[in-house]
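Trainee: Have a look at this one.
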Amino acid sequence: QVQLVESGGALVQPGGSLRLLCAASALALAYSTIGWFLKAPGKVREGVSCISSSVGSTYYADSVKGRFTISRDNAKNTVYLQMNSLRPEDTAVYYCAASVVFTTIKAMCVADHGRYNYWGQGTQVTVSS
């Protein structure tokens with residue numbers, strides 16, 4: 001049974017950093033497109049950053065460009081989201097998801113959320129002083 005488990009969420013002050021982890025079991029993340037999504041109260045789910053399986057193409061939402069970095073360690077079957085210069089508006093539950101299909105890296109993050117086969121349970125990120 002495929003499981004994605006996120007970790008690394010916490011309460012952090014504005015300007016601080018966090019590193020989120022997405023670890024998988026029964027699924028080789030190296031062969032999957034991985035996305036990080038956020039869900040804030042009262043708002044729709046948004047794609048934050050995505051990475052493709054083959055050449056490792058990446059996409060970042062405009063709101064996180066220059067602050068967040070997505071990466072993968074295939075040996076550890078883990079995908080990371082390094083979050084720097086955090087802002088209160090980054091507060092949300094962050095989910096990772098894996099897809100065995102691929103359209104374009106931008107579409108996989110922006111519009112094609114339904115193509116993701118597996119989702120984690122989420123990890124809470126709270127940015128507050």
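Labels for the structure tokens follow display order: chains A, B, ..., residues from 1 in each chain, ligands from 1.
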Go through segment 79-111 of chain A and collect every residue that DSSP, computed from the backbone, puts in alpha helix (DSSP H); the answer should be as JSON, numbers by chain.
Mentor: {"A": [105, 106, 107, 108, 109, 110]}
Trainee: Can you list, as number ranges by chain, every protein, DNA or RNA residue that comes within 12 Å of Pro14 of chain A when you count only C-alpha atoms, leaving out same-chain residues fewer than 2 positions away?
Mentor: A: 11-12, 16-18, 83-91, 125-129
Trainee: Write the residues of the selection above to a file with all heavy atoms, as a compact mmCIF listing (two decimals), in the first residue's frame.
Mentor:
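The result, written out as again_12.txt:
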# COMPACT_ATOMS: atom_id res chain seq x y z
N LEU A 11 5.73 25.69 14.02
CA LEU A 11 5.49 27.11 14.23
C LEU A 11 6.83 27.82 14.10
O LEU A 11 7.81 27.45 14.77
CB LEU A 11 4.89 27.33 15.61
CG LEU A 11 4.79 28.78 16.10
CD1 LEU A 11 3.87 29.60 15.21
CD2 LEU A 11 4.35 28.84 17.55
N VAL A 12 6.89 28.83 13.25
CA VAL A 12 8.14 29.54 13.03
C VAL A 12 7.84 31.04 12.92
O VAL A 12 6.75 31.43 12.51
CB VAL A 12 8.82 29.01 11.75
CG1 VAL A 12 7.98 29.27 10.51
CG2 VAL A 12 10.22 29.58 11.58
N GLY A 16 11.84 33.14 9.18
CA GLY A 16 12.48 31.88 9.50
C GLY A 16 12.43 30.88 8.37
O GLY A 16 11.94 31.17 7.27
N SER A 17 12.97 29.69 8.64
CA SER A 17 13.05 28.64 7.63
C SER A 17 12.52 27.33 8.17
O SER A 17 12.58 27.07 9.37
CB SER A 17 14.52 28.45 7.19
OG SER A 17 15.03 29.60 6.59
N LEU A 18 12.04 26.52 7.26
CA LEU A 18 11.64 25.15 7.56
C LEU A 18 12.02 24.28 6.37
O LEU A 18 12.10 24.76 5.24
CB LEU A 18 10.13 25.04 7.78
CG LEU A 18 9.55 25.58 9.08
CD1 LEU A 18 8.02 25.51 9.02
CD2 LEU A 18 10.06 24.82 10.28
N MET A 83 12.01 25.86 2.76
CA MET A 83 11.21 27.09 2.82
C MET A 83 11.99 28.14 3.60
O MET A 83 12.24 27.97 4.79
CB MET A 83 9.87 26.81 3.51
CG MET A 83 9.15 25.58 2.95
SD MET A 83 7.80 25.01 3.98
CE MET A 83 6.60 26.30 3.73
N ASN A 84 12.40 29.18 2.93
CA ASN A 84 13.14 30.27 3.56
C ASN A 84 12.33 31.56 3.54
O ASN A 84 11.36 31.68 2.78
CB ASN A 84 14.47 30.49 2.84
CG ASN A 84 15.39 29.28 2.91
OD1 ASN A 84 15.37 28.52 3.87
ND2 ASN A 84 16.19 29.10 1.87
N SER A 85 12.75 32.50 4.34
CA SER A 85 12.10 33.83 4.40
C SER A 85 10.58 33.67 4.53
O SER A 85 9.81 34.29 3.79
CB SER A 85 12.44 34.63 3.14
OG SER A 85 13.84 34.80 3.02
N LEU A 86 10.17 32.85 5.45
CA LEU A 86 8.75 32.56 5.60
C LEU A 86 7.96 33.78 6.02
O LEU A 86 8.45 34.64 6.78
CB LEU A 86 8.56 31.42 6.60
CG LEU A 86 8.86 30.04 6.01
CD1 LEU A 86 9.11 29.02 7.11
CD2 LEU A 86 7.74 29.58 5.10
N ARG A 87 6.74 33.83 5.52
CA ARG A 87 5.83 34.96 5.76
C ARG A 87 4.56 34.44 6.41
O ARG A 87 4.20 33.26 6.23
CB ARG A 87 5.48 35.63 4.43
CG ARG A 87 6.66 36.08 3.61
CD ARG A 87 6.23 36.43 2.21
NE ARG A 87 7.35 36.90 1.37
CZ ARG A 87 7.27 37.06 0.06
NH1 ARG A 87 6.13 36.83 -0.58
NH2 ARG A 87 8.33 37.49 -0.60
N PRO A 88 3.85 35.28 7.14
CA PRO A 88 2.57 34.82 7.73
C PRO A 88 1.62 34.25 6.70
O PRO A 88 0.88 33.30 7.01
CB PRO A 88 2.03 36.11 8.36
CG PRO A 88 3.26 36.90 8.70
CD PRO A 88 4.21 36.62 7.58
N GLU A 89 1.64 34.75 5.49
CA GLU A 89 0.73 34.24 4.46
C GLU A 89 1.11 32.86 3.95
O GLU A 89 0.35 32.25 3.18
CB GLU A 89 0.62 35.22 3.28
CG GLU A 89 1.94 35.62 2.66
CD GLU A 89 2.47 36.94 3.20
OE1 GLU A 89 2.32 37.19 4.42
OE2 GLU A 89 3.05 37.70 2.39
N ASP A 90 2.26 32.34 4.37
CA ASP A 90 2.63 30.97 4.03
C ASP A 90 1.95 29.96 4.96
O ASP A 90 2.05 28.75 4.75
CB ASP A 90 4.15 30.77 4.13
CG ASP A 90 4.91 31.61 3.12
OD1 ASP A 90 4.44 31.74 1.97
OD2 ASP A 90 5.98 32.15 3.49
N THR A 91 1.29 30.45 6.00
CA THR A 91 0.63 29.57 6.96
C THR A 91 -0.43 28.73 6.27
O THR A 91 -1.32 29.26 5.60
CB THR A 91 0.00 30.40 8.09
OG1 THR A 91 1.04 31.05 8.81
CG2 THR A 91 -0.80 29.51 9.02
N VAL A 125 2.14 24.19 8.77
CA VAL A 125 3.15 25.24 8.85
C VAL A 125 2.46 26.51 9.33
O VAL A 125 1.49 26.96 8.72
CB VAL A 125 3.82 25.49 7.48
CG1 VAL A 125 4.72 26.72 7.54
CG2 VAL A 125 4.61 24.26 7.05
N THR A 126 2.95 27.04 10.42
CA THR A 126 2.39 28.28 10.97
C THR A 126 3.51 29.30 11.10
O THR A 126 4.53 29.03 11.75
CB THR A 126 1.74 28.04 12.33
OG1 THR A 126 0.72 27.04 12.21
CG2 THR A 126 1.12 29.33 12.86
N VAL A 127 3.32 30.44 10.46
CA VAL A 127 4.31 31.51 10.50
C VAL A 127 3.70 32.67 11.28
O VAL A 127 2.76 33.32 10.82
CB VAL A 127 4.73 31.97 9.10
CG1 VAL A 127 5.85 33.00 9.19
CG2 VAL A 127 5.15 30.77 8.26
N SER A 128 4.23 32.89 12.46
CA SER A 128 3.65 33.90 13.34
C SER A 128 4.67 34.33 14.36
O SER A 128 5.50 33.54 14.80
CB SER A 128 2.41 33.33 14.04
OG SER A 128 1.90 34.26 14.98
N SER A 129 4.58 35.60 14.75
CA SER A 129 5.45 36.09 15.81
C SER A 129 4.74 35.98 17.16
O SER A 129 5.32 36.33 18.19
CB SER A 129 5.85 37.54 15.53
OG SER A 129 4.72 38.35 15.33
Trainee: Could you check how far atom CA of Gly42 of chain A sits from atom CA of Gly120 of chain A, in Å to one decimal?
Mentor: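 Atom-to-atom, atom CA of Gly42 of chain A and atom CA of Gly120 of chain A are spaced 20.2 Å apart.
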Trainee: Please provide as a ChimeraX atom specification all residues within 9 Å of segment 51-68 of chain A, with the sequence filter that same-chain residues fewer than 2 positions apart are discarded (counting only C-alpha atoms).
Mentor: /A:29-36,46-49,70-72,81-86,90,100,102,104-106,108-110
Trainee: Which distance in Å separates atom CA of Val5 of chain A and atom CA of Leu21 of chain A, to one decimal?
Mentor: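 Atom-to-atom, atom CA of Val5 of chain A to atom CA of Leu21 of chain A, that is 7.9 Å.
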Trainee: Find the residues near Asn77 of chain A: any atom within 9 Å, counting only C-alpha atoms, skip ones fewer than 6 places away on the same chain, and give them as a ChimeraX atom specification.
Mentor: /A:22-25,27-30
Trainee: To one decimal place in Å, what is the distance between atom CA of Asn74 of chain A and atom CA of Tyr95 of chain A?
Mentor: 19.0 Å
Trainee: Give me every strand (DSSP E) residue in chain A, going by DSSP on the backbone, as an mmCIF file with N, CA, C and O atoms, in the first residue's frame.
Mentor:
data_model
loop_
_atom_site.group_PDB
_atom_site.id
_atom_site.type_symbol
_atom_site.label_atom_id
_atom_site.label_comp_id
_atom_site.auth_asym_id
_atom_site.auth_seq_id
_atom_site.Cartn_x
_atom_site.Cartn_y
_atom_site.Cartn_z
ATOM 1 N N GLN A 3 2.107 4.846 0.650
ATOM 2 C CA GLN A 3 1.904 5.882 1.661
ATOM 3 C C GLN A 3 2.884 7.018 1.428
ATOM 4 O O GLN A 3 4.068 6.778 1.152
ATOM 5 N N LEU A 4 2.379 8.233 1.529
ATOM 6 C CA LEU A 4 3.218 9.420 1.540
ATOM 7 C C LEU A 4 3.084 10.046 2.923
ATOM 8 O O LEU A 4 1.965 10.231 3.412
ATOM 9 N N VAL A 5 4.206 10.360 3.518
ATOM 10 C CA VAL A 5 4.183 10.929 4.853
ATOM 11 C C VAL A 5 4.988 12.226 4.847
ATOM 12 O O VAL A 5 6.192 12.222 4.559
ATOM 13 N N GLU A 6 4.302 13.314 5.181
ATOM 14 C CA GLU A 6 4.972 14.605 5.273
ATOM 15 C C GLU A 6 5.425 14.831 6.713
ATOM 16 O O GLU A 6 4.797 14.362 7.662
ATOM 17 N N SER A 7 6.497 15.568 6.852
ATOM 18 C CA SER A 7 6.969 15.972 8.166
ATOM 19 C C SER A 7 7.730 17.279 8.019
ATOM 20 O O SER A 7 8.034 17.717 6.906
ATOM 21 N N LEU A 11 5.728 25.694 14.016
ATOM 22 C CA LEU A 11 5.488 27.112 14.228
ATOM 23 C C LEU A 11 6.831 27.823 14.099
ATOM 24 O O LEU A 11 7.809 27.446 14.765
ATOM 25 N N VAL A 12 6.887 28.834 13.255
ATOM 26 C CA VAL A 12 8.136 29.544 13.025
ATOM 27 C C VAL A 12 7.844 31.036 12.918
ATOM 28 O O VAL A 12 6.751 31.434 12.506
ATOM 29 N N LEU A 18 12.044 26.519 7.260
ATOM 30 C CA LEU A 18 11.639 25.149 7.556
ATOM 31 C C LEU A 18 12.020 24.278 6.374
ATOM 32 O O LEU A 18 12.099 24.764 5.239
ATOM 33 N N ARG A 19 12.210 23.004 6.635
ATOM 34 C CA ARG A 19 12.380 22.041 5.556
ATOM 35 C C ARG A 19 11.336 20.951 5.731
ATOM 36 O O ARG A 19 11.332 20.244 6.739
ATOM 37 N N LEU A 20 10.468 20.865 4.759
ATOM 38 C CA LEU A 20 9.456 19.813 4.758
ATOM 39 C C LEU A 20 9.980 18.588 4.037
ATOM 40 O O LEU A 20 10.713 18.711 3.055
ATOM 41 N N LEU A 21 9.597 17.427 4.527
ATOM 42 C CA LEU A 21 9.993 16.158 3.920
ATOM 43 C C LEU A 21 8.744 15.408 3.497
ATOM 44 O O LEU A 21 7.713 15.436 4.174
ATOM 45 N N CYS A 22 8.873 14.719 2.383
ATOM 46 C CA CYS A 22 7.823 13.833 1.895
ATOM 47 C C CYS A 22 8.478 12.485 1.636
ATOM 48 O O CYS A 22 9.262 12.345 0.691
ATOM 49 N N ALA A 23 8.170 11.530 2.485
ATOM 50 C CA ALA A 23 8.757 10.197 2.371
ATOM 51 C C ALA A 23 7.702 9.229 1.882
ATOM 52 O O ALA A 23 6.540 9.304 2.284
ATOM 53 N N ALA A 24 8.118 8.311 1.018
ATOM 54 C CA ALA A 24 7.168 7.383 0.414
ATOM 55 C C ALA A 24 7.513 5.942 0.746
ATOM 56 O O ALA A 24 8.682 5.582 0.907
ATOM 57 N N SER A 25 6.468 5.141 0.826
ATOM 58 C CA SER A 25 6.644 3.702 0.929
ATOM 59 C C SER A 25 5.834 3.048 -0.172
ATOM 60 O O SER A 25 4.777 3.545 -0.553
ATOM 61 N N THR A 33 6.067 12.222 -10.617
ATOM 62 C CA THR A 33 6.029 13.674 -10.457
ATOM 63 C C THR A 33 5.543 13.951 -9.041
ATOM 64 O O THR A 33 4.550 13.364 -8.594
ATOM 65 N N ILE A 34 6.243 14.806 -8.343
ATOM 66 C CA ILE A 34 5.906 15.117 -6.962
ATOM 67 C C ILE A 34 5.508 16.579 -6.860
ATOM 68 O O ILE A 34 6.188 17.455 -7.411
ATOM 69 N N GLY A 35 4.441 16.810 -6.162
ATOM 70 C CA GLY A 35 3.984 18.179 -5.951
ATOM 71 C C GLY A 35 3.815 18.479 -4.479
ATOM 72 O O GLY A 35 3.448 17.602 -3.693
ATOM 73 N N TRP A 36 4.096 19.709 -4.136
ATOM 74 C CA TRP A 36 3.770 20.240 -2.812
ATOM 75 C C TRP A 36 2.616 21.223 -3.000
ATOM 76 O O TRP A 36 2.671 22.114 -3.858
ATOM 77 N N PHE A 37 1.590 21.054 -2.187
ATOM 78 C CA PHE A 37 0.389 21.883 -2.260
ATOM 79 C C PHE A 37 0.091 22.427 -0.875
ATOM 80 O O PHE A 37 0.457 21.824 0.130
ATOM 81 N N LEU A 38 -0.573 23.557 -0.835
ATOM 82 C CA LEU A 38 -0.986 24.088 0.455
ATOM 83 C C LEU A 38 -2.483 24.304 0.476
ATOM 84 O O LEU A 38 -3.115 24.530 -0.559
ATOM 85 N N LYS A 39 -3.020 24.200 1.681
ATOM 86 C CA LYS A 39 -4.442 24.477 1.889
ATOM 87 C C LYS A 39 -4.552 25.339 3.128
ATOM 88 O O LYS A 39 -4.252 24.896 4.233
ATOM 89 N N GLU A 46 -3.727 25.136 -3.337
ATOM 90 C CA GLU A 46 -2.829 25.756 -4.314
ATOM 91 C C GLU A 46 -1.582 24.898 -4.500
ATOM 92 O O GLU A 46 -1.072 24.320 -3.545
ATOM 93 N N GLY A 47 -1.104 24.864 -5.726
ATOM 94 C CA GLY A 47 0.182 24.236 -5.982
ATOM 95 C C GLY A 47 1.292 25.177 -5.574
ATOM 96 O O GLY A 47 1.282 26.348 -5.941
ATOM 97 N N VAL A 48 2.237 24.681 -4.811
ATOM 98 C CA VAL A 48 3.362 25.488 -4.342
ATOM 99 C C VAL A 48 4.586 25.249 -5.216
ATOM 100 O O VAL A 48 5.185 26.180 -5.732
ATOM 101 N N SER A 49 4.929 23.973 -5.374
ATOM 102 C CA SER A 49 6.105 23.621 -6.150
ATOM 103 C C SER A 49 5.984 22.170 -6.582
ATOM 104 O O SER A 49 5.451 21.349 -5.842
ATOM 105 N N CYS A 50 6.486 21.880 -7.766
ATOM 106 C CA CYS A 50 6.423 20.531 -8.298
ATOM 107 C C CYS A 50 7.737 20.180 -8.980
ATOM 108 O O CYS A 50 8.445 21.077 -9.461
ATOM 109 N N ILE A 51 8.038 18.884 -9.011
ATOM 110 C CA ILE A 51 9.256 18.421 -9.661
ATOM 111 C C ILE A 51 8.924 17.177 -10.463
ATOM 112 O O ILE A 51 8.220 16.288 -9.985
ATOM 113 N N THR A 58 11.312 21.715 -12.619
ATOM 114 C CA THR A 58 10.639 22.238 -11.438
ATOM 115 C C THR A 58 9.735 23.407 -11.799
ATOM 116 O O THR A 58 9.931 24.079 -12.817
ATOM 117 N N TYR A 59 8.760 23.605 -10.945
ATOM 118 C CA TYR A 59 7.854 24.742 -11.067
ATOM 119 C C TYR A 59 7.633 25.311 -9.686
ATOM 120 O O TYR A 59 7.535 24.570 -8.701
ATOM 121 N N TYR A 60 7.559 26.639 -9.619
ATOM 122 C CA TYR A 60 7.272 27.319 -8.366
ATOM 123 C C TYR A 60 6.159 28.325 -8.585
ATOM 124 O O TYR A 60 6.146 29.052 -9.586
ATOM 125 N N PHE A 68 11.486 29.324 -1.811
ATOM 126 C CA PHE A 68 11.325 27.886 -1.617
ATOM 127 C C PHE A 68 12.139 27.131 -2.662
ATOM 128 O O PHE A 68 12.280 27.589 -3.803
ATOM 129 N N THR A 69 12.627 25.959 -2.271
ATOM 130 C CA THR A 69 13.353 25.098 -3.198
ATOM 131 C C THR A 69 12.885 23.663 -3.024
ATOM 132 O O THR A 69 12.876 23.145 -1.901
ATOM 133 N N ILE A 70 12.502 23.050 -4.127
ATOM 134 C CA ILE A 70 12.111 21.642 -4.101
ATOM 135 C C ILE A 70 13.284 20.803 -4.571
ATOM 136 O O ILE A 70 14.023 21.193 -5.483
ATOM 137 N N SER A 71 13.478 19.654 -3.937
ATOM 138 C CA SER A 71 14.567 18.759 -4.335
ATOM 139 C C SER A 71 14.183 17.338 -3.975
ATOM 140 O O SER A 71 13.223 17.111 -3.245
ATOM 141 N N ARG A 72 14.934 16.399 -4.514
ATOM 142 C CA ARG A 72 14.631 15.006 -4.222
ATOM 143 C C ARG A 72 15.915 14.253 -3.952
ATOM 144 O O ARG A 72 16.967 14.567 -4.510
ATOM 145 N N ASP A 73 15.821 13.257 -3.081
ATOM 146 C CA ASP A 73 16.921 12.333 -2.815
ATOM 147 C C ASP A 73 16.379 10.959 -3.150
ATOM 148 O O ASP A 73 15.661 10.346 -2.342
ATOM 149 N N THR A 78 12.808 10.324 -0.906
ATOM 150 C CA THR A 78 12.266 11.477 -0.188
ATOM 151 C C THR A 78 12.365 12.722 -1.062
ATOM 152 O O THR A 78 13.340 12.896 -1.802
ATOM 153 N N VAL A 79 11.341 13.551 -0.971
ATOM 154 C CA VAL A 79 11.343 14.855 -1.639
ATOM 155 C C VAL A 79 11.267 15.918 -0.557
ATOM 156 O O VAL A 79 10.554 15.753 0.444
ATOM 157 N N TYR A 80 12.000 16.999 -0.767
ATOM 158 C CA TYR A 80 12.092 18.057 0.221
ATOM 159 C C TYR A 80 11.506 19.352 -0.326
ATOM 160 O O TYR A 80 11.520 19.595 -1.536
ATOM 161 N N LEU A 81 11.054 20.180 0.600
ATOM 162 C CA LEU A 81 10.692 21.547 0.263
ATOM 163 C C LEU A 81 11.381 22.449 1.283
ATOM 164 O O LEU A 81 10.970 22.492 2.448
ATOM 165 N N GLN A 82 12.445 23.091 0.854
ATOM 166 C CA GLN A 82 13.146 24.043 1.703
ATOM 167 C C GLN A 82 12.420 25.375 1.622
ATOM 168 O O GLN A 82 12.264 25.933 0.532
ATOM 169 N N MET A 83 12.011 25.864 2.756
ATOM 170 C CA MET A 83 11.215 27.088 2.821
ATOM 171 C C MET A 83 11.995 28.137 3.602
ATOM 172 O O MET A 83 12.235 27.974 4.794
ATOM 173 N N ALA A 92 -0.333 27.415 6.432
ATOM 174 C CA ALA A 92 -1.263 26.489 5.785
ATOM 175 C C ALA A 92 -0.883 25.071 6.169
ATOM 176 O O ALA A 92 0.164 24.836 6.775
ATOM 177 N N VAL A 93 -1.726 24.143 5.796
ATOM 178 C CA VAL A 93 -1.354 22.730 5.811
ATOM 179 C C VAL A 93 -0.727 22.423 4.454
ATOM 180 O O VAL A 93 -1.306 22.745 3.413
ATOM 181 N N TYR A 94 0.444 21.823 4.488
ATOM 182 C CA TYR A 94 1.175 21.498 3.272
ATOM 183 C C TYR A 94 1.078 19.995 3.020
ATOM 184 O O TYR A 94 1.319 19.179 3.925
ATOM 185 N N TYR A 95 0.727 19.656 1.798
ATOM 186 C CA TYR A 95 0.568 18.270 1.391
ATOM 187 C C TYR A 95 1.556 17.948 0.277
ATOM 188 O O TYR A 95 1.797 18.781 -0.601
ATOM 189 N N CYS A 96 2.087 16.743 0.291
ATOM 190 C CA CYS A 96 2.804 16.287 -0.885
ATOM 191 C C CYS A 96 1.934 15.258 -1.603
ATOM 192 O O CYS A 96 1.084 14.603 -0.993
ATOM 193 N N ALA A 97 2.144 15.167 -2.892
ATOM 194 C CA ALA A 97 1.375 14.249 -3.714
ATOM 195 C C ALA A 97 2.277 13.681 -4.794
ATOM 196 O O ALA A 97 3.236 14.329 -5.220
ATOM 197 N N ALA A 98 1.949 12.479 -5.241
ATOM 198 C CA ALA A 98 2.746 11.801 -6.261
ATOM 199 C C ALA A 98 1.858 11.393 -7.419
ATOM 200 O O ALA A 98 0.732 10.914 -7.213
ATOM 201 N N SER A 99 2.371 11.576 -8.616
ATOM 202 C CA SER A 99 1.637 11.207 -9.812
ATOM 203 C C SER A 99 2.512 10.367 -10.721
ATOM 204 O O SER A 99 3.691 10.687 -10.925
ATOM 205 N N TYR A 118 -1.599 9.785 -5.396
ATOM 206 C CA TYR A 118 -1.387 9.561 -3.968
ATOM 207 C C TYR A 118 -1.147 10.898 -3.266
ATOM 208 O O TYR A 118 -0.437 11.758 -3.784
ATOM 209 N N TRP A 119 -1.721 11.018 -2.080
ATOM 210 C CA TRP A 119 -1.598 12.221 -1.270
ATOM 211 C C TRP A 119 -1.206 11.850 0.156
ATOM 212 O O TRP A 119 -1.644 10.829 0.677
ATOM 213 N N THR A 123 1.083 18.433 6.676
ATOM 214 C CA THR A 123 1.849 18.907 7.830
ATOM 215 C C THR A 123 1.588 20.403 7.971
ATOM 216 O O THR A 123 1.581 21.148 6.987
ATOM 217 N N GLN A 124 1.361 20.839 9.208
ATOM 218 C CA GLN A 124 0.967 22.219 9.461
ATOM 219 C C GLN A 124 2.198 23.119 9.540
ATOM 220 O O GLN A 124 3.141 22.841 10.283
ATOM 221 N N VAL A 125 2.144 24.195 8.774
ATOM 222 C CA VAL A 125 3.155 25.242 8.849
ATOM 223 C C VAL A 125 2.464 26.513 9.334
ATOM 224 O O VAL A 125 1.485 26.963 8.723
ATOM 225 N N THR A 126 2.954 27.041 10.421
ATOM 226 C CA THR A 126 2.393 28.279 10.969
ATOM 227 C C THR A 126 3.513 29.296 11.099
ATOM 228 O O THR A 126 4.525 29.031 11.753
ATOM 229 N N VAL A 127 3.317 30.440 10.458
ATOM 230 C CA VAL A 127 4.310 31.508 10.498
ATOM 231 C C VAL A 127 3.699 32.668 11.282
ATOM 232 O O VAL A 127 2.758 33.322 10.823
#
